[in-house]
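Okay, structure06.cif now, which holds mmCIF, C-alpha atoms and all ligand atoms:
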```
data_data
#
loop_
_atom_site.label_atom_id
_atom_site.label_comp_id
_atom_site.auth_asym_id
_atom_site.auth_seq_id
_atom_site.Cartn_x
_atom_site.Cartn_y
_atom_site.Cartn_z
CA MET A 25 -15.53 -4.67 4.10
CA LEU A 26 -12.11 -4.04 5.61
CA ARG A 27 -11.17 -4.60 9.24
CA VAL A 28 -9.55 -1.31 10.23
CA ALA A 29 -7.63 -0.65 13.43
CA SER A 30 -7.02 3.07 13.00
CA VAL A 31 -6.27 5.97 10.67
CA ARG A 32 -3.50 8.15 12.02
CA PRO A 33 -3.38 11.59 10.39
CA GLN A 34 -0.07 13.46 10.20
CA SER A 35 2.01 10.43 11.17
CA THR A 36 5.74 11.05 11.43
CA THR A 37 6.59 7.33 11.46
CA ALA A 38 5.25 6.31 8.05
CA GLY A 39 7.94 7.55 5.68
CA LEU A 40 8.67 10.85 3.95
CA SER A 41 6.37 13.25 2.11
CA PRO A 42 6.41 16.82 0.80
CA ASN A 43 4.08 17.71 3.72
CA GLU A 44 6.78 18.16 6.36
CA ASP A 45 7.45 14.41 6.08
CA LYS A 46 4.05 13.56 7.47
CA ARG A 47 1.78 10.91 5.95
CA THR A 48 -1.66 9.52 6.75
CA GLU A 49 -1.05 6.05 8.20
CA VAL A 50 -3.80 3.44 7.79
CA PHE A 51 -3.52 0.42 10.12
CA LEU A 52 -5.46 -2.61 8.84
CA ALA A 53 -6.25 -5.31 11.39
CA GLY A 54 -5.44 -9.01 11.19
CA CYS A 55 -2.32 -11.07 10.57
CA ARG A 56 -2.82 -14.70 9.52
CA MET A 57 0.89 -15.52 9.81
CA ALA A 58 0.94 -14.42 13.45
CA LEU A 59 -2.33 -16.17 14.29
CA SER A 60 -0.91 -19.41 12.85
CA GLY A 61 1.88 -19.19 15.44
CA HIS A 62 4.63 -17.70 13.28
CA PRO A 63 4.73 -13.95 13.88
CA CYS A 64 7.58 -11.73 12.76
CA PRO A 65 10.32 -12.05 15.39
CA GLY A 66 9.68 -9.17 17.76
CA CYS A 67 6.36 -8.12 16.15
CA PHE A 68 5.54 -4.55 17.16
CA ASN A 69 1.78 -4.79 16.58
CA VAL A 70 0.60 -7.78 18.59
CA ASP A 71 -2.72 -6.06 19.35
CA LEU A 72 -3.59 -6.13 15.63
CA TRP A 73 -3.26 -9.89 15.06
CA ASP A 74 -6.90 -10.82 15.48
CA PRO A 75 -9.22 -8.93 13.11
CA LYS A 76 -12.41 -9.82 14.95
CA TYR A 77 -11.80 -7.09 17.55
CA PHE A 78 -11.93 -4.31 14.95
CA PRO A 79 -14.81 -2.68 13.09
CA GLU A 80 -15.68 -3.38 9.49
CA VAL A 81 -15.36 -0.38 7.22
CA SER A 82 -16.12 -0.21 3.52
CA PRO A 83 -13.34 0.93 1.16
CA ALA A 84 -15.42 4.03 0.33
CA GLU A 85 -15.84 4.90 4.03
CA LEU A 86 -12.14 4.41 4.62
CA LEU A 87 -11.39 6.73 1.70
CA GLU A 88 -13.54 9.40 3.42
CA ASP A 89 -11.51 8.97 6.62
CA VAL A 90 -8.31 9.41 4.62
CA LYS A 91 -9.71 12.46 2.84
CA ASN A 92 -10.59 13.99 6.21
CA ALA A 93 -6.98 13.59 7.25
CA GLY A 94 -6.09 16.09 4.51
CA ASN A 95 -2.83 14.62 3.20
CA LYS A 96 -2.32 13.15 -0.29
CA TYR A 97 0.46 10.87 1.03
CA VAL A 98 -0.73 7.61 2.58
CA THR A 99 0.98 4.58 4.10
CA VAL A 100 -0.98 1.33 4.52
CA VAL A 101 0.33 -1.04 7.17
CA GLY A 102 -0.95 -3.70 9.57
CA GLY A 103 -1.37 -6.27 10.88
CA GLU A 104 -0.91 -7.61 7.37
CA PRO A 105 -2.73 -5.55 4.72
CA LEU A 106 -2.55 -8.26 2.03
CA ASP A 107 -4.53 -10.68 4.20
CA GLN A 108 -7.55 -8.58 3.12
CA TYR A 109 -6.51 -8.71 -0.51
CA GLU A 110 -9.74 -8.23 -2.43
CA GLU A 111 -11.05 -5.36 -0.32
CA LEU A 112 -7.57 -3.85 -0.15
CA VAL A 113 -7.44 -3.75 -3.95
CA LEU A 114 -10.75 -1.83 -3.95
CA PHE A 115 -9.40 0.65 -1.40
CA LEU A 116 -6.08 1.12 -3.22
CA THR A 117 -7.97 1.66 -6.47
CA LEU A 118 -9.96 4.46 -4.82
CA LEU A 119 -6.76 6.01 -3.49
CA LYS A 120 -5.16 5.91 -6.92
CA ASP A 121 -8.26 7.28 -8.67
CA ASN A 122 -8.25 10.17 -6.19
CA GLY A 123 -4.60 11.04 -6.78
CA TYR A 124 -3.00 9.67 -3.61
CA HIS A 125 0.63 8.56 -3.32
CA THR A 126 0.59 5.23 -1.49
CA VAL A 127 3.15 3.14 0.38
CA LEU A 128 2.30 -0.48 1.25
CA ILE A 129 4.16 -2.25 4.06
CA THR A 130 3.82 -6.06 4.02
CA HIS A 131 5.61 -9.14 5.31
CA TYR A 132 5.10 -10.83 1.91
CA VAL A 133 8.18 -10.51 -0.33
CA MET A 134 8.02 -9.10 -3.84
CA ASP A 135 8.18 -12.50 -5.59
CA VAL A 136 5.13 -13.67 -3.61
CA ILE A 137 3.31 -10.41 -4.27
CA LYS A 138 3.94 -10.79 -8.01
CA THR A 139 2.52 -14.31 -8.09
CA SER A 140 -0.22 -14.20 -5.43
CA TYR A 141 -1.21 -10.53 -4.99
CA PRO A 142 -0.43 -8.94 -8.38
CA ASP A 143 -3.39 -6.56 -8.48
CA VAL A 144 -1.79 -4.24 -5.91
CA LEU A 145 1.30 -3.66 -8.06
CA PRO A 146 -0.12 -0.99 -10.42
CA LEU A 147 -1.95 0.74 -7.55
CA VAL A 148 0.81 1.68 -5.10
CA ASN A 149 4.00 3.71 -5.50
CA VAL A 150 6.27 2.13 -2.89
CA ILE A 151 6.35 -1.32 -1.28
CA ILE A 152 8.39 -2.19 1.80
CA ASP A 153 8.46 -5.99 1.94
CA GLY A 154 9.61 -8.82 4.19
CA THR A 155 9.07 -9.88 7.78
CA TYR A 156 10.08 -7.46 10.50
CA ASN A 157 12.96 -8.77 12.61
CA ALA A 158 13.62 -6.96 15.89
CA LYS A 159 17.18 -8.32 16.02
CA LYS A 160 17.90 -6.51 12.74
CA ARG A 161 15.99 -3.36 13.64
CA ILE A 162 17.28 -0.20 11.98
CA PHE A 163 14.19 1.97 12.47
CA ASP A 164 15.08 5.00 14.56
CA GLU A 165 12.30 7.42 15.49
CA VAL A 166 14.83 10.12 16.29
CA ASP A 167 16.44 9.94 12.86
CA VAL A 168 13.83 12.09 11.11
CA PRO A 169 13.84 12.10 8.14
CA GLY A 170 16.98 9.97 7.88
CA VAL A 171 17.23 6.65 6.11
CA THR A 172 16.73 4.60 9.26
CA HIS A 173 13.39 6.29 9.71
CA VAL A 174 11.77 4.58 6.74
CA ILE A 175 12.26 0.83 7.18
CA GLY A 176 11.82 -1.49 10.18
CA SER A 177 14.67 -4.00 9.91
CA SER A 178 17.62 -4.40 7.57
CA ASN A 179 16.30 -7.60 5.93
CA GLN A 180 13.30 -5.72 4.51
CA LYS A 181 13.46 -4.28 1.01
CA PHE A 182 12.28 -0.97 -0.39
CA TRP A 183 10.69 -1.05 -3.85
CA HIS A 184 9.69 1.91 -6.02
CA ARG A 185 7.41 1.85 -9.07
CA THR A 186 8.00 4.16 -11.98
CA ASP A 187 5.32 3.65 -14.64
CA SER A 188 4.89 -0.14 -14.52
CA ARG A 189 8.48 -1.00 -13.55
CA TRP A 190 9.42 -1.97 -9.99
CA GLN A 191 12.98 -1.32 -8.86
CA GLU A 192 14.64 -2.07 -5.55
CA VAL A 193 15.95 1.08 -3.86
CA ASN A 194 19.08 1.09 -1.73
CA ILE A 195 17.90 3.11 1.27
CA PHE A 196 21.44 4.13 2.16
CA GLN A 197 22.50 5.24 -1.31
CA ASP A 198 19.51 6.16 -3.45
CA ASP A 199 17.30 9.24 -3.35
CA LEU A 200 14.42 8.15 -1.12
CA ARG A 201 12.67 11.47 -1.41
CA LYS A 202 12.23 10.83 -5.13
CA ALA A 203 10.34 7.61 -4.33
CA TYR A 204 8.32 9.02 -1.46
CA CYS A 205 7.37 12.35 -2.99
CA ALA A 206 6.84 11.50 -6.66
S1 LIG A 301 3.15 -8.80 9.68
FE1 LIG A 301 2.89 -7.13 11.20
S2 LIG A 301 1.36 -7.91 12.67
FE2 LIG A 301 2.07 -9.66 11.48
S3 LIG A 301 3.70 -10.53 12.76
FE3 LIG A 301 4.68 -9.14 11.30
S4 LIG A 301 4.85 -7.14 12.35
FE4 LIG A 301 3.37 -8.43 13.48
#
```
So, in terms of structure tokens, how does the structure I just supplied come out?
Ligand code: SF4
Amino acid sequence: MLRVASVRPQSTTAGLSPNEDKRTEVFLAGCRMALSGHPCPGCFNVDLWDPKYFPEVSPAELLEDVKNAGNKYVTVVGGEPLDQYEELVLFLTLLKDNGYHTVLITHYVMDVIKTSYPDVLPLVNVIIDGTYNAKKRIFDEVDVPGVTHVIGSSNQKFWHRTDSRWQEVNIFQDDLRKAYCA
């Protein structure tokens, strides 16, 4: 079972999509790093740190919620999604099997994902990695759908998978729409 905070249909703050740049945004609850006393500097989701306040939902039930949102473009964020690794893999597998394009936002960096959370790599299309840092914030809600609308702080990296290859994308120079709308 997954601890789920909310499913936000038609989100305009979860990256680009061919559906008027709206995506279904899935907020998973719980962040072990924050609970251990080391949150991202300036964490923007303090209410999601402790998973015990949120309901348990099976991956299949969560898929139904996403289907009801009616958008094939999904962004999974937290909290920290990878702290629910095994159940997350089941959910991402369902999304992939049902033809969804998925973005995963995580504080874990790509090298750690490759060694400790490798099963998510073939299941998602885009990963935005690294701790959020409010002092390096570049996210701008007004800049829709500009490059500063897709990433929280400048230290984070944007990765795109084509087939089984992961490549870092320069958000200021490369074609983000290609990664978000593939
Ligand atoms: S991973 Fe998310 S919830 Fe955890 S400290 Fe960072 S911004 Fe906050």
All residues having an atom within 6 Å of ligand LIG 301 (chain A) (only C-alpha atoms and all ligand atoms) as a ChimeraX atom specification: /A:55,58,63-64,67-70,73,102-104,131,155-156
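Excluding Thr36 in chain A and any residue on its chain fewer than 3 positions from it, the residues at most 12 Å away by only C-alpha atoms are Arg32, Pro33, Gly39, Leu40, Ser41, Asn43, Glu44, Asp45, Lys46, Arg47, Thr48, Glu49, Tyr97, Val98, Thr99, Asp164, Glu165, Val166, Asp167, Val168, Pro169, Gly170, His173 and Val174 of chain A.
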Where does range 134-181 of chain A meet range 120-128 of chain A within 10 Å, residue by residue, with the nearest atom pair and distance in Å to one decimal for each, counting only C-alpha atoms, listed by chain and rising number, as CSV?
```
residue,atom,partner,partner_atom,distance
A:Val144,CA,A:Leu128,CA,9.1
A:Leu145,CA,A:Leu128,CA,9.9
A:Pro146,CA,A:Lys120,CA,9.2
A:Leu147,CA,A:Lys120,CA,6.1
A:Val148,CA,A:Thr126,CA,5.1
A:Asn149,CA,A:Thr126,CA,5.5
A:Val150,CA,A:Val127,CA,4.6
A:Ile151,CA,A:Leu128,CA,4.8
A:Ile152,CA,A:Leu128,CA,6.3
A:Asp153,CA,A:Leu128,CA,8.3
```
Å distance separating CA of Val90 in chain A from CA of Val31 in chain A, one decimal place: 7.3 Å
Pairwise distance for CA of Glu111 in chain A and CA of Val193 in chain A, rounded to one decimal in Å: 28.0 Å
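Between CA of Leu118 in chain A and CA of Pro105 in chain A lies a distance of 15.6 Å.
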Polymer residues at most 8 Å from Phe115 in chain A, all atoms listed in the file, same-chain spacing of 5 or more positions, as an NGL selection string: :A and (83-84 or 86-87)
Fewer than 4 positions away in the same chain doesn't count, so skip those; otherwise give me all residues within 8 Å of Pro79 in chain A, counting only C-alpha atoms, as a PDB file with C-alpha atoms, keeping the file's coordinate frame.
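Output saved as selection_18.pdb:
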```
ATOM      1  CA  ARG A  27     -11.170  -4.600   9.240  1.00  0.00           C
ATOM      2  CA  VAL A  28      -9.550  -1.310  10.230  1.00  0.00           C
ATOM      3  CA  ALA A  29      -7.630  -0.650  13.430  1.00  0.00           C
TER       4      ALA A  29
END
```
Contacts of Ile162 in chain A within 6 Å, all atoms listed in the file, excl. fewer than 4 positions in-chain, as a PyMOL selection string: chain A and resi 172+176-177
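Each of A:Thr130, A:Gln34, A:Ser82, A:Asn92 was compared to Trp183 in chain A using all atoms listed in the file, and A:Thr130 turns out to be the nearest.
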Residue with smallest distance to Tyr109 in chain A - pool A:Ile175, A:Ala206, A:Leu52, A:Ala158, counting all atoms listed in the file: A:Leu52
Which residue of A:Asn95, A:Met25, A:Asp89, A:Val101 approaches Val50 in chain A most closely, using only C-alpha atoms: A:Val101
Shortest interatomic distance to Leu72 in chain A - which of A:Tyr204, A:Phe51, A:Trp190, A:Phe196, counting only C-alpha atoms: A:Phe51
